Every structure is written in structure tokens, then in C-alpha cells.
Number of protein chains: 2
Amino acid sequence: MIVVLARLAIHPTLTQQFLDTAGQLVLASRQEPGCLGYELLSEGEGRYAFLERYRDPEAAQAHRKTDHFRTLGRAMGPFIDGPLQVIQLSGIDERAEAGA
Amino acid sequence: MIVVLARLAIHPTLTQQFLDTAGQLVLASRQEPGCLGYELLSEGEGRYAFLERYRDPEAAQAHRKTDHFRTLGRAMGPFIDGPLQVIQLSGIDERAEAGA
């Protein structure tokens with residue numbers, strides 16, 4: 001299982017256009033077979049983050065090759081203020097975690 | 001709804017003790033009434049993160065006042081290498097997100 005947190009800042013005057021486009025990306029991404037969760041979250045002060053969850057690394061890669069990711073990602077470009085920060089995490093075997 | 005990503009590095013020689021203690025914190029936290037999700041994830045190279053989800057800000061605060069958080073948090077202290085980074089995010093009304 002793979003979790004991705006993609007953090008970004010948005011130009012304040014373009015917030016609603018961003019939310020409209022982001023909403024489309026959220027809805028389309030959730031339809032992907034390997035996508036276990038996809039949501040937009042706010043960090044406040046014009047900062048947002050996509051929290052994404054995939055069945056495996058292959059599903060995470062497949063997401064980045066979808067038409068909706070490419071098209072909507074490009075459309076969002078002008079709204080974004082500065083670089084993205086992408087944090088990728090992987091699940092840990094719960095038994096190992098609990099010292100079983 | 002509140003999401004927290006608490007990122008930390010672990011001294012490599014203390015990994016299993018960390019995983020044992022972290023596993024107890026995960027299991028205990030999931031029992032909290034306002035906790036919607038609590039998991040330990042790996043970022044690789046000795047870096048881990050707790051991904052936590054709460055019903056509301058009050059539930060997120062209540063977590064930090066629980067005995068298990070205080071006790072196990074203190075127990076984990078010696079395993080942690082450097083400062084924690086805590087990213088707190090809040091849910092966005094999905095209708096606003098989809099431009100409804």
C-alpha cells in the first residue's frame with residue numbers, strides 16, 4: 001500500500017478555479033482501480049494537499065499516467081504558487097509493527 | 001475532520017523497539033472515540049510517519065491528552081533522531097471542492 005501527500009500553495013486570487021479543477025481530479029482519480037482513497041485537504045493560509053492512497057506502487061505510477069492526471073494537472077499549473085512537495089510513504093506490516 | 005502526519009527519523013539500532021512501541025500506540029489510539037484512523041507508515045531510510053485522522057479538532061486534541069499518547073510518546077523519545085515534523089490538515093467540504 002502506498003500513501004502520497006502532495007503539498008502545494010495556491011495563488012489566493014485563483015482559489016476557486018483551483019478548487020473546481022482539484023475537485024474534478026479527486027472524483028476522476030477515485031475511479032481508478034488501484035486507488036484506495038483520494039482527497040483534497042487544507043493546511044490553511046492558501047496551502048493545500050492531496051492525500052492519496054494506492055493498493056501498490058504500480059497503481060501509484062498508473063495514476064500519474066492517466067489522462068485526467070495529465071490534463072487536470074496541467075490545468076492546475078497556473079494556480080500553483082511555488083514548487084510541490086511530494087511525500088511518499090508505504091504501509092508497514094501490522095504484525096511487525098505490533099512486535100508479533 | 002482533521003488529518004495529522006507526524007514525521008520522524010529513528011536511530012537505526014533502535015528500530016524494533018520503536019516498532020514495538022509504535023504498534024502499541026497505533027492499537028490504543030484506534031480505540032479513541034474520535035479517532036477515524038491511525039497508522040504507522042514508512043518513508044524509507046529510517047524515516048517513519050504516523051498518519052492520523054480525527055472526527056474534529058477536539059478529538060485531535062483529546063488524543064494528545066490520553067495516557068497512552070503521553071506514556072508511549074515518552075517511551076519513544078530515546079528512539080527518535082532529531083525533531084518531529086507535524087503536518088496538520090483539515091477536510092474541505094466536497095461540494096465546494098467540486099464547484100457545486
# chains A, B, ... in the order shown; residues from 1 in each chain; ligands from 1
call {"tool": "select_by_dssp", "arguments": {"residues": "chain A", "states": "helix (DSSP H, G or I)", "output": "PyMOL selection string"}}
result
chain A and resi 12-29+57-64+67-79+94-97
call {"tool": "closest_atom_pairs", "arguments": {"of": "chain B", "to": "chain A", "cutoff": "7 Å", "atoms": "only C-alpha atoms", "output": "JSON lines"}}
result
{"residue": "B:Leu19", "atom": "CA", "partner": "A:Glu97", "partner_atom": "CA", "distance": 4.9}
{"residue": "B:Asp20", "atom": "CA", "partner": "A:Gly99", "partner_atom": "CA", "distance": 4.9}
{"residue": "B:Ala22", "atom": "CA", "partner": "A:Glu97", "partner_atom": "CA", "distance": 6.9}
{"residue": "B:Gly23", "atom": "CA", "partner": "A:Ala98", "partner_atom": "CA", "distance": 4.2}
{"residue": "B:Gln24", "atom": "CA", "partner": "A:Ala98", "partner_atom": "CA", "distance": 6.3}
{"residue": "B:Leu40", "atom": "CA", "partner": "A:Ile92", "partner_atom": "CA", "distance": 6.7}
{"residue": "B:Leu41", "atom": "CA", "partner": "A:Gly91", "partner_atom": "CA", "distance": 5.0}
{"residue": "B:Ser42", "atom": "CA", "partner": "A:Ser90", "partner_atom": "CA", "distance": 5.2}
{"residue": "B:Glu43", "atom": "CA", "partner": "A:Leu89", "partner_atom": "CA", "distance": 4.7}
{"residue": "B:Gln88", "atom": "CA", "partner": "A:Glu43", "partner_atom": "CA", "distance": 6.5}
{"residue": "B:Leu89", "atom": "CA", "partner": "A:Glu43", "partner_atom": "CA", "distance": 4.7}
{"residue": "B:Ser90", "atom": "CA", "partner": "A:Ser42", "partner_atom": "CA", "distance": 5.2}
{"residue": "B:Gly91", "atom": "CA", "partner": "A:Leu41", "partner_atom": "CA", "distance": 5.0}
{"residue": "B:Ile92", "atom": "CA", "partner": "A:Leu41", "partner_atom": "CA", "distance": 5.7}
{"residue": "B:Glu97", "atom": "CA", "partner": "A:Gly23", "partner_atom": "CA", "distance": 4.8}
{"residue": "B:Ala98", "atom": "CA", "partner": "A:Gly23", "partner_atom": "CA", "distance": 4.2}
{"residue": "B:Gly99", "atom": "CA", "partner": "A:Asp20", "partner_atom": "CA", "distance": 4.8}
call {"tool": "write_last_selection", "arguments": {"atoms": "C-alpha atoms", "output": "compact mmCIF listing (two decimals), in the first residue's frame"}}
result
# COMPACT_ATOMS: atom_id res chain seq x y z
CA LEU B 19 8.15 -0.55 16.02
CA ASP B 20 7.04 -2.39 19.17
CA ALA B 22 4.63 2.46 17.90
CA GLY B 23 2.47 -0.62 17.39
CA GLN B 24 1.04 -0.24 20.89
CA LEU B 40 2.38 3.91 11.03
CA LEU B 41 3.93 4.34 7.60
CA SER B 42 7.50 4.17 6.34
CA GLU B 43 9.27 6.81 4.27
CA GLN B 88 -1.98 19.19 10.33
CA LEU B 89 -4.64 19.31 7.62
CA SER B 90 -8.38 19.73 7.63
CA GLY B 91 -11.04 18.34 5.39
CA ILE B 92 -12.64 20.51 2.70
CA GLU B 97 -14.32 21.25 -3.88
CA ALA B 98 -16.37 20.03 -6.84
CA GLY B 99 -17.54 23.57 -7.56
call {"tool": "residues_around", "arguments": {"residues": "Phe69 in chain A", "least_positions_apart": "2", "cutoff": "12 Å", "atoms": "only C-alpha atoms", "output": "MDAnalysis selection string"}}
result
chainID A and resid 21:30 32 60:67 71:77
call {"tool": "write_last_selection", "arguments": {"atoms": "C-alpha atoms", "output": "compact mmCIF listing (two decimals), in the first residue's frame"}}
result
# COMPACT_ATOMS: atom_id res chain seq x y z
CA THR A 21 -10.15 21.68 -11.04
CA ALA A 22 -8.96 19.81 -7.96
CA GLY A 23 -12.48 18.55 -7.37
CA GLN A 24 -12.55 17.04 -10.85
CA LEU A 25 -9.18 15.37 -10.25
CA VAL A 26 -10.38 13.93 -6.94
CA LEU A 27 -13.55 12.47 -8.46
CA ALA A 28 -11.75 11.02 -11.51
CA SER A 29 -8.86 9.56 -9.50
CA ARG A 30 -11.20 7.75 -7.12
CA GLU A 32 -9.01 4.26 -10.78
CA ALA A 60 0.54 4.88 -7.78
CA GLN A 61 2.55 5.01 -11.01
CA ALA A 62 -0.52 4.25 -13.13
CA HIS A 63 -2.24 7.30 -11.64
CA ARG A 64 0.43 9.63 -12.98
CA LYS A 65 -0.11 8.20 -16.49
CA THR A 66 -3.87 8.74 -16.59
CA ASP A 67 -5.38 11.32 -18.93
CA THR A 71 -4.88 17.11 -18.26
CA LEU A 72 -6.07 18.42 -14.91
CA GLY A 73 -2.53 18.60 -13.55
CA ARG A 74 -1.55 20.84 -16.47
CA ALA A 75 -4.71 22.93 -15.98
CA MET A 76 -3.80 23.46 -12.31
CA GLY A 77 -0.29 24.66 -13.12
call {"tool": "select_by_dssp", "arguments": {"residues": "range 6-96 of chain B", "states": "strand (DSSP E)", "output": "MDAnalysis selection string"}}
result
chainID B and resid 6:9 35:44 47:54 85:91
